[in-house]
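S.K.: First the structure, then my questions, so here it is.
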Amino acid sequence: MAAVFLSTALSFLGLNHVLENGEIRYALGGWAPPLGIEYVLDNISAFVSVVVTTISLLVIYATRHIVSAEISGHLSSFYCLVLLLLAGLTGIVVTGDLFNLFVFLEIASLAAYSLVFLGGRRAMLAGYRYLILGSIGGSLYLLGVAFIYFSTGTLNMSDVLYILNQQGASSSVSAGAIFIFAGLGLKMGLVPLHFWLPNAYTEAPSSVASLIAPIMTKVAAYSMLRMFISVFPEGYLINEVPIGLMLISLGSLGVLVGSIIAISQSNLRRMFAYSSISQLGLIAIGIGLATPLSFIAALLHIMNHAIMKALLFLVVSDINSRFKSEELKSLVGIGKVMKLNMIAFTIAAISMIGIPPTAGFFSKWYLALAAIDLNQWPVLIIILGSSLLTAVYIFRILENVFVKTADSESKNNQQSIDSKFGDAHELSLLNITPVLLILAISIIAIGIFNMLIITHILEPAL
Amino acid sequence: MIDELKNTMPIMIIGLTILSAILSQVFSNRPKFRDYLSVSITIFAIFLVFPLLNGVLNKEVIEFTLIQISPGLNICLSVDPAGMLFATLALALWLPATIYSIGYMRGHHESNQSRFYSAFALSIGAAVGVAFSSNLITFVLFYELLSLFTYPLVIHRQTDEAIKAGRKYLAYTLTGGIALVAGTAWIYSLGIEAKFEPGGFINPDEIGHSTSLFLFFLLFFGVSIKAAVMPLHSWLPNAMVAPTPVSALLHAVAVVKAGAFGVLRVLIFVFGATTLTDIGVAPIICVLASITLVAGSMLALRHDNLKRRLAYSTISHLSYIVLGIALLGPLALTGALLHLVGHGVTKITLFFCAGAIDVRTHKQNVSQIAGIGRQMPFTMTAFTLAALSMAGIPPFILFTSKWFLGSGAVQTGMYFYMFVYMFSGVISAAYLFPIIYRAFWVKSPDFPKFGEASATIVAPLIFTSILTLAWGLIPNSPFGFFSLIEIVVSIAFEARL
């Protein structure tokens with residue numbers, strides 16, 4: 001806890017510093033940049049690191065009691081792994097070196113695989129799958145970096161950018177780009193490379209899922225964005241290799257596939273996992289459109305989605321810890337029992353659909369503006385249509401929560417829950433509820449004040 | 001000082017509705033206290049209307065920027081005559097509707113009453129927000145919120161039927177909302193600051209003919225869903241599963257009139273009469289609206305369920321307004337706006353009566369209510385007054401509006417639409433008068449004894465039925481509706497000349 005708190009505080013300080021004084025560059029071990037490893041904290045990395053650390057701090061605080069119930073016996077290894085995961089993720093965010101990014105990516109992924117393994121027998125299989133696919137993703141990325149290294153002779157991001165600007169396009173660099181994006185796409189859960197994601201999220205312990213789901217894939221998305229901004233020359237990924245187009249089309253596919261599958265799910269966590277795939281599709285579209293406006297939309301959506309998903313997954317783990325079930329049916333009548341939690345949940349759900357004035361509306365809004373600017377009409381239709389698809393599964397949940405009345409079977413269920421309320425209720429009131437409320441309020445606040453974020457943090461950087 | 005205070009008044013009114021919603025939740029354990037609170041908040045909100053009204057009539061500029069979302073994208077409330085008209089109507093009818101719903105909810109022993117009152121107040125707040133929006137993005141914001149807040153009201157009974165109706169409601173309104181968002185985003189990306197102004201801000205010469213045509217269809221699709229223009233109307237009869245006060249205030253006044261008001265905004269304040277004539281869409285809307293107008297009233301004839309009959313009648317009468325706006329003439333616009341007000345107060349009375357019968361006798365069909373006029377004389381007299389108004393008999397308010405609509409059709413040279421209005425007016429009489437006949441003159445021997453419903457139900461419906469007469473005789477009292485309409489019409493067509 002303390003370590004995470006410290007890193008959150010540090011990342012806020014870093015953001016503040018960057019905003020006032022411009023970017024920080026730090027050469028690790030004192031080796032001058034092109035040779036040694038360099039860390040770069042500019043507006044974007046500072047922004048994303050704030051998101052990552054804050055969300056994980058909140059999630060770790062909120063799930064303390066669930067963790068100790070779920071993972072009894074492995075507590076110290078759990079927290080050890082969590083810190084490792086965070087080290088990896090923040091490392092990815094601040095590094096200015098392509099190979100170092102790989103190292104951190106693997107650190108984070110290894111920690112994530114092990115965390116998924118904590119979920120028991122079924123999680124073993126899911127985690128194993130995650131491990132295999134994740135390793136393939138990592139190797140693809142590494143292969144891509146090797147290609148870049150051969151043609152430029154450097155691993156430092158800004159150096160690569162400089163040299164590529166001089167050299168112009170070459171087929172080996174283009175091949176490298178393709179490998180890098182395939183690898184990152186796999187880590188990000190871009191359709192059709194998403195197969196590991198739903199199982200890993202569903203079978204992992206619920207506290208782990210609420211930690212991994214909001215931030216893990218977003219950091220991979222962030223690295224993609226990084227490639228566009230600081231590794232490859234402007235326009236390279238659009239004109240020389242059709243990566244932008246690939247991202248747009250796969251992202252659109254992801255939006256559709258993810259939300260349609262989500263509609264048909266009856267397990268809450270699996271539903272949200274597929275919804276993650278669809279939201280990541282939106283982020284991929286934002287990156288692929290590759291205009292400053294769409295980058296803003298993507299970054300904003302990285303933050304918004306991290307917040308919304310953290311909230312949704314926390315609610316699921318809370319429900320799981322009390323009801324021992326994550327089925328949609330088990331939600332019947334829950335709106336009366338857990339009023340505050342469900343109000344927060346509703347706000348996140350509305351933001352998922354993208355109804356103003358919640359945060360989710362505005363990232364979609366900027367994405368739509370970017371699509372219109374480029375005359376990408378099909379993309380615009382998909383962006384807006386995704387709201388409708390999202391509304392279908394979101395309201396399926398809300399109907400269960402607030403509207404349906406319990407039949408006799410679930411009434412018994414209800415009574416058993418009421419009797420069990422004691423400790424679990426007290427604990428979740430202390431731990432989860434305040435966090436949920438903070439997240440819900442921040443969803444609305446970010447929606448209303450998103451201009452401050454854009455003009456002060458994101459716009460200067462792009 | 002007063003002026004500054006006036007600028008914040010629109011937001012204060014919306015704030016009051018939010019306050020009312022919160023208090024309903026806080027005091028959900030003390031129903032009586034909660035009910036008094038919500039009534040007094042309503043009265044307070046109506047008092048806030050008058051200084052605003054004065055300001056508008058004196059052509060003051062009342063504007064308040066809530067928050068800047070990004071450069072050129074403001075959430076901004078302002079009071080103009082058209083918005084004032086709609087907001088005043090919604091707020092003025094909020095009071096009788098609140099009192100009525102207290103009586104109705106108690107009489108019906110409905111559950112979840114606090115949720116009901118909260119959502120009710122928030123919906124009115126959203127409708128007022130729609131009225132006071134000064135640009136498209138603000139309009140979209142409140143329009144979406146209105147769909148969202150009315151959803152809990154539609155599904156209030158929580159039966160399977162209600163849930164199904166709720167799904168349909170959301171599917172329609174959210175689709176409309178998305179079309180609006182798409183159109184709005186497009187307008188902003190063209191670099192136009194989408195601030196409503198009479199005569200419109202879309203210039204087809206600048207942005208291209210086909211673009212403006214496409215934009216028009218996006219926006220019109222968005223608003224016409226709530227205005228229930230066929231073929232986008234079918235959510236409305238289904239939404240009648242909601243408790244009657246909801247049907248009365250929301251599906252006769254706030255929600256559907258927000259749609260009709262949206263049509264006004266899109267046609268007159270976004271595009272403007274000149275542009276509409278240029279891109280040649282006005283005739284299409286006229287045809288759509290007149291089909292709805294006639295088909296709606298024909299369908300109303302066929303339905304035995306009283307609320308459904310009224311719902312189809314609402315569909316038909318909304319298109320009176322849409323057609324009146326789309327005729328693009330000063331007299332027709334006057335008639336349309338007057339119809340917006342008049343239909344609101346008339347239809348709310350009819351729904352109140354239907355609800356009173358339901359509470360007292362649990363009868364919902366026209367065929368079951370023979371002889372009820374003798375047992376519930378006040379209710380059925382009010383019903384008769386409102387029915388006379390619906391049929392367009394002088395001196396009721398809907399006569400005045402239909403008069404203007406008809407002469408508007410003549411003025412713009414489209415005589416055909418005058419016959420459409422007249423024909424539909426006759427059918428209005430045909431689906432309402434048999435109810436009166438049955439209630440007063442058909443005797444049914446095995447009819448059990450009923451009395452009037454409770455005073456909280458009867459008083460509001462008498463009040464609104466008197467309003468249909470009073471506003472017909474003196475349209476300016478006490479809210480200055482006619483002066484407002486005159487200003488709207490003059491600014492709308494001054495820009496053209």
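As shown in the structure tokens, the chain order sets the letters A, B, ...; within each chain, residues go from 1, and ligands are also counted from 1 in the order they appear.
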Can I get the residues of chain A within 7 Å of chain B, each with the closest pair of atoms and their distance in Å to one decimal, using only C-alpha atoms, sorted chain first then ascending number, as a Markdown table?
M.R.:
```
| residue | atom | partner | partner_atom | distance |
| --- | --- | --- | --- | --- |
| A:Ile355 | CA | B:Glu144 | CA | 6.7 |
| A:Pro356 | CA | B:Leu141 | CA | 5.4 |
| A:Pro357 | CA | B:Leu141 | CA | 6.7 |
| A:Ala368 | CA | B:Ala185 | CA | 6.9 |
| A:Leu369 | CA | B:Ala185 | CA | 5.9 |
| A:Ile372 | CA | B:Trp186 | CA | 6.5 |
| A:Asp373 | CA | B:Ser189 | CA | 6.6 |
| A:Leu384 | CA | B:Ile178 | CA | 6.4 |
| A:Leu388 | CA | B:Thr175 | CA | 7.0 |
| A:Val403 | CA | B:Gln158 | CA | 5.7 |
| A:Lys404 | CA | B:Gln158 | CA | 6.5 |
| A:Ile448 | CA | B:Ile69 | CA | 6.7 |
| A:Phe449 | CA | B:Ile69 | CA | 6.7 |
| A:Asn450 | CA | B:Ile69 | CA | 6.6 |
| A:Met451 | CA | B:Ser70 | CA | 5.1 |
```
S.K.: Excluding Gly144 of chain A and its own-chain neighbours fewer than 4 positions away, which residues fall within 10 Å of it when counting only C-alpha atoms? Please give them as JSON, numbers by chain.
M.R.: {"A": [98, 138, 139, 140, 148, 149, 172, 173, 174, 175, 176, 177, 178, 179, 180, 181, 182, 183]}
S.K.: Using only C-alpha atoms for the distances, tell me which of A:Met227, A:Pro242, A:Ala126, A:Lys339 is nearest to Gln25 of chain B.
M.R.: A:Lys339
S.K.: Restricting the calculation to only C-alpha atoms: of B:Leu310, B:Val420, B:Ala332, B:Leu95, which residue gets closest to Gly355 of chain B?
M.R.: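 Of all the options, B:Leu310 lies closest to Gly355 of chain B.
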S.K.: Quick check for you: according to DSSP on this backbone, which residues of segment 5-201 of chain A are classed as helix (DSSP H, G or I)? Reply as an NGL selection string.
M.R.: :A and (5-21 or 28-30 or 43-62 or 64-70 or 75-94 or 98-117 or 121-152 or 157-167 or 171-188 or 196-201)
S.K.: Which one is closest to Ser158 of chain A: A:Tyr274, A:Phe78, A:Phe117, A:Tyr39? Count only C-alpha atoms.
M.R.: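 With only C-alpha atoms as the atom set, the closest residue is A:Tyr39.
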S.K.: So which residues touch Ser247 of chain B within 12 Å, counting only C-alpha atoms, skipping near sequence neighbours fewer than 5 positions away, as a PyMOL selection string?
M.R.: chain B and resi 97+101+120+150+153-154+156+236-242+252-256+306-308+310-311+314+344+347-355
S.K.: Convert the current residue selection to file output with C-alpha atoms, as a compact mmCIF listing (two decimals), in the first residue's frame.
M.R.:
```
# COMPACT_ATOMS: atom_id res chain seq x y z
CA ALA B 97 -49.37 17.29 -12.30
CA SER B 101 -49.64 12.41 -8.94
CA PHE B 120 -40.46 13.05 -12.36
CA THR B 150 -38.05 9.29 -18.14
CA LEU B 153 -41.00 6.32 -15.14
CA VAL B 154 -41.93 4.19 -18.13
CA HIS B 156 -42.36 2.12 -13.08
CA LEU B 236 -45.46 6.34 -27.63
CA PRO B 237 -48.52 4.05 -27.37
CA ASN B 238 -46.34 1.43 -25.67
CA ALA B 239 -45.08 3.95 -23.16
CA MET B 240 -48.66 4.27 -21.94
CA VAL B 241 -47.98 1.45 -19.50
CA ALA B 242 -46.51 4.12 -17.27
CA ALA B 252 -48.53 14.77 -23.40
CA VAL B 253 -46.43 17.73 -22.38
CA ALA B 254 -42.75 17.50 -21.55
CA VAL B 255 -41.22 14.72 -23.65
CA VAL B 256 -43.24 14.87 -26.82
CA LEU B 306 -58.80 5.02 -23.24
CA LYS B 307 -55.13 5.81 -22.66
CA ARG B 308 -54.13 4.26 -25.97
CA LEU B 310 -55.40 9.39 -26.18
CA ALA B 311 -51.88 8.33 -27.14
CA THR B 314 -51.35 12.82 -29.13
CA GLY B 344 -50.47 20.52 -23.68
CA LYS B 347 -54.33 16.63 -23.34
CA ILE B 348 -53.13 16.76 -19.74
CA THR B 349 -56.76 17.24 -18.71
CA LEU B 350 -57.90 14.24 -20.72
CA PHE B 351 -55.18 12.06 -19.23
CA PHE B 352 -55.98 13.29 -15.74
CA CYS B 353 -59.58 12.23 -16.27
CA ALA B 354 -58.59 8.83 -17.62
CA GLY B 355 -56.40 8.36 -14.57
```
S.K.: Please give the complete set of residues from segment 19-139 of chain B that DSSP, run on the backbone, assigns to strand (DSSP E or B), formatted as a list in words.
M.R.: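 The strand (DSSP E or B) residues within segment 19-139 of chain B come out as Ile62, Glu63, Phe64, Thr65, Leu66, Ile67, Gln68, Ile69, Ser70, Leu73, Asn74, Ile75, Cys76, Leu77, Ser78, Val79, Ser133 and Asn135 of chain B.
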S.K.: Might you pull out every residue within 8 Å of Val231 of chain A, with only C-alpha atoms counted and same-chain residues fewer than 6 positions away left off, and present them as a PyMOL selection string?
M.R.: chain A and resi 157-158+160-161
S.K.: Which residues, written as a PyMOL selection string, have at least one atom at most 10 Å from Tyr393 of chain A, with only C-alpha atoms counted and residues fewer than 5 positions away on the same chain left out?
M.R.: chain A and resi 259-266+271-272+275+349+353+388+398-399
S.K.: For N, CA and C atoms, I'd like the residues from the last selection saved as a PDB file, in the first residue's frame.
M.R.:
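The file below, selection-v2.pdb, is the result:
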```
ATOM      1  N   SER A 259     -18.878  -5.773 -28.614  1.00  0.00           N
ATOM      2  CA  SER A 259     -20.156  -5.431 -27.975  1.00  0.00           C
ATOM      3  C   SER A 259     -21.232  -6.448 -28.322  1.00  0.00           C
ATOM      4  N   ILE A 260     -21.154  -7.036 -29.521  1.00  0.00           N
ATOM      5  CA  ILE A 260     -22.197  -8.013 -29.843  1.00  0.00           C
ATOM      6  C   ILE A 260     -22.051  -9.259 -28.971  1.00  0.00           C
ATOM      7  N   ILE A 261     -20.792  -9.698 -28.770  1.00  0.00           N
ATOM      8  CA  ILE A 261     -20.625 -10.863 -27.893  1.00  0.00           C
ATOM      9  C   ILE A 261     -21.011 -10.496 -26.464  1.00  0.00           C
ATOM     10  N   ALA A 262     -20.675  -9.276 -26.073  1.00  0.00           N
ATOM     11  CA  ALA A 262     -21.014  -8.859 -24.710  1.00  0.00           C
ATOM     12  C   ALA A 262     -22.516  -8.944 -24.480  1.00  0.00           C
ATOM     13  N   ILE A 263     -23.284  -8.624 -25.510  1.00  0.00           N
ATOM     14  CA  ILE A 263     -24.740  -8.643 -25.352  1.00  0.00           C
ATOM     15  C   ILE A 263     -25.225 -10.046 -24.996  1.00  0.00           C
ATOM     16  N   SER A 264     -24.544 -11.064 -25.570  1.00  0.00           N
ATOM     17  CA  SER A 264     -25.060 -12.414 -25.384  1.00  0.00           C
ATOM     18  C   SER A 264     -24.542 -13.079 -24.112  1.00  0.00           C
ATOM     19  N   GLN A 265     -23.753 -12.384 -23.315  1.00  0.00           N
ATOM     20  CA  GLN A 265     -23.187 -13.036 -22.128  1.00  0.00           C
ATOM     21  C   GLN A 265     -24.167 -13.007 -20.959  1.00  0.00           C
ATOM     22  N   SER A 266     -24.045 -14.023 -20.120  1.00  0.00           N
ATOM     23  CA  SER A 266     -24.847 -13.975 -18.902  1.00  0.00           C
ATOM     24  C   SER A 266     -23.968 -13.825 -17.670  1.00  0.00           C
ATOM     25  N   MET A 271     -19.016 -10.440 -19.587  1.00  0.00           N
ATOM     26  CA  MET A 271     -19.632  -9.353 -20.347  1.00  0.00           C
ATOM     27  C   MET A 271     -18.732  -8.128 -20.358  1.00  0.00           C
ATOM     28  N   PHE A 272     -18.211  -7.773 -19.200  1.00  0.00           N
ATOM     29  CA  PHE A 272     -17.354  -6.594 -19.139  1.00  0.00           C
ATOM     30  C   PHE A 272     -16.039  -6.826 -19.866  1.00  0.00           C
ATOM     31  N   SER A 275     -16.804  -6.186 -23.298  1.00  0.00           N
ATOM     32  CA  SER A 275     -17.008  -4.757 -23.462  1.00  0.00           C
ATOM     33  C   SER A 275     -15.656  -4.038 -23.485  1.00  0.00           C
ATOM     34  N   ALA A 349     -22.080   3.052 -15.897  1.00  0.00           N
ATOM     35  CA  ALA A 349     -22.757   2.396 -17.009  1.00  0.00           C
ATOM     36  C   ALA A 349     -23.209   3.425 -18.032  1.00  0.00           C
ATOM     37  N   ILE A 353     -22.091   4.027 -22.123  1.00  0.00           N
ATOM     38  CA  ILE A 353     -22.918   4.251 -23.303  1.00  0.00           C
ATOM     39  C   ILE A 353     -22.487   5.536 -23.999  1.00  0.00           C
ATOM     40  N   LEU A 388     -25.149   2.450 -29.095  1.00  0.00           N
ATOM     41  CA  LEU A 388     -26.425   1.727 -29.033  1.00  0.00           C
ATOM     42  C   LEU A 388     -26.209   0.306 -28.565  1.00  0.00           C
ATOM     43  N   LEU A 398     -28.890  -3.130 -15.908  1.00  0.00           N
ATOM     44  CA  LEU A 398     -29.627  -2.210 -15.043  1.00  0.00           C
ATOM     45  C   LEU A 398     -31.040  -2.708 -14.780  1.00  0.00           C
ATOM     46  N   GLU A 399     -31.645  -3.345 -15.800  1.00  0.00           N
ATOM     47  CA  GLU A 399     -32.974  -3.907 -15.573  1.00  0.00           C
ATOM     48  C   GLU A 399     -32.942  -4.913 -14.439  1.00  0.00           C
TER      49      GLU A 399
END
```
S.K.: Quick check, in Å to one decimal: how far apart do atom CA of Met418 of chain B and atom CA of Pro231 of chain B lie?
M.R.: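 Atom CA of Met418 of chain B sits 22.3 Å away from atom CA of Pro231 of chain B.
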S.K.: With distances taken over only C-alpha atoms, which residue among B:Arg30, B:His108, B:His343, B:Lys164 lies nearest Ala248 of chain B?
M.R.: B:His343
S.K.: Which residues, written as an mmCIF file with C-alpha atoms, in the first residue's frame, have at least one atom at most 12 Å from segment 103-106 of chain B, with only C-alpha atoms counted and residues fewer than 5 positions away on the same chain left out?
M.R.:
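So the final result, stored in part_3.cif, reads:
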```
data_model
loop_
_atom_site.group_PDB
_atom_site.id
_atom_site.type_symbol
_atom_site.label_atom_id
_atom_site.label_comp_id
_atom_site.auth_asym_id
_atom_site.auth_seq_id
_atom_site.Cartn_x
_atom_site.Cartn_y
_atom_site.Cartn_z
ATOM 1 C CA PRO B 31 -44.178 10.419 2.492
ATOM 2 C CA LYS B 32 -46.394 13.277 3.642
ATOM 3 C CA ASP B 35 -45.170 15.387 -0.895
ATOM 4 C CA PRO B 96 -51.214 20.411 -11.164
ATOM 5 C CA ALA B 97 -49.368 17.288 -12.295
ATOM 6 C CA THR B 98 -47.488 17.053 -9.007
ATOM 7 C CA SER B 111 -44.639 1.168 -4.885
ATOM 8 C CA ASN B 112 -41.327 2.990 -5.249
ATOM 9 C CA GLN B 113 -42.996 6.369 -4.897
ATOM 10 C CA SER B 114 -39.796 8.206 -4.023
ATOM 11 C CA ARG B 115 -38.079 6.979 -7.151
ATOM 12 C CA PHE B 116 -41.117 8.139 -9.070
ATOM 13 C CA TYR B 117 -41.057 11.666 -7.672
ATOM 14 C CA HIS B 156 -42.357 2.115 -13.081
ATOM 15 C CA ARG B 157 -44.795 -0.772 -12.752
ATOM 16 C CA ALA B 242 -46.505 4.124 -17.267
ATOM 17 C CA PRO B 243 -48.644 5.507 -14.434
ATOM 18 C CA THR B 244 -51.114 8.100 -15.693
ATOM 19 C CA PRO B 245 -49.413 11.217 -14.283
ATOM 20 C CA VAL B 246 -46.403 10.239 -16.361
ATOM 21 C CA ALA B 248 -50.162 13.129 -18.662
ATOM 22 C CA PHE B 351 -55.182 12.060 -19.234
ATOM 23 C CA PHE B 352 -55.982 13.291 -15.737
ATOM 24 C CA CYS B 353 -59.581 12.235 -16.272
ATOM 25 C CA ALA B 354 -58.590 8.833 -17.623
ATOM 26 C CA GLY B 355 -56.404 8.355 -14.570
ATOM 27 C CA ALA B 356 -59.142 9.452 -12.195
ATOM 28 C CA ILE B 357 -61.493 6.878 -13.684
ATOM 29 C CA ASP B 358 -58.796 4.249 -13.430
ATOM 30 C CA VAL B 359 -58.026 5.003 -9.785
ATOM 31 C CA ARG B 360 -61.657 5.000 -8.777
ATOM 32 C CA ALA B 453 -61.813 10.390 -6.790
ATOM 33 C CA SER B 454 -60.004 12.205 -4.006
ATOM 34 C CA ALA B 455 -59.698 15.993 -4.035
ATOM 35 C CA THR B 456 -56.004 15.922 -4.939
ATOM 36 C CA ILE B 457 -57.010 14.226 -8.154
ATOM 37 C CA VAL B 458 -60.129 16.172 -9.008
ATOM 38 C CA ALA B 459 -58.888 19.682 -8.217
ATOM 39 C CA PRO B 460 -55.992 19.601 -10.721
ATOM 40 C CA LEU B 461 -58.153 18.311 -13.511
#
```
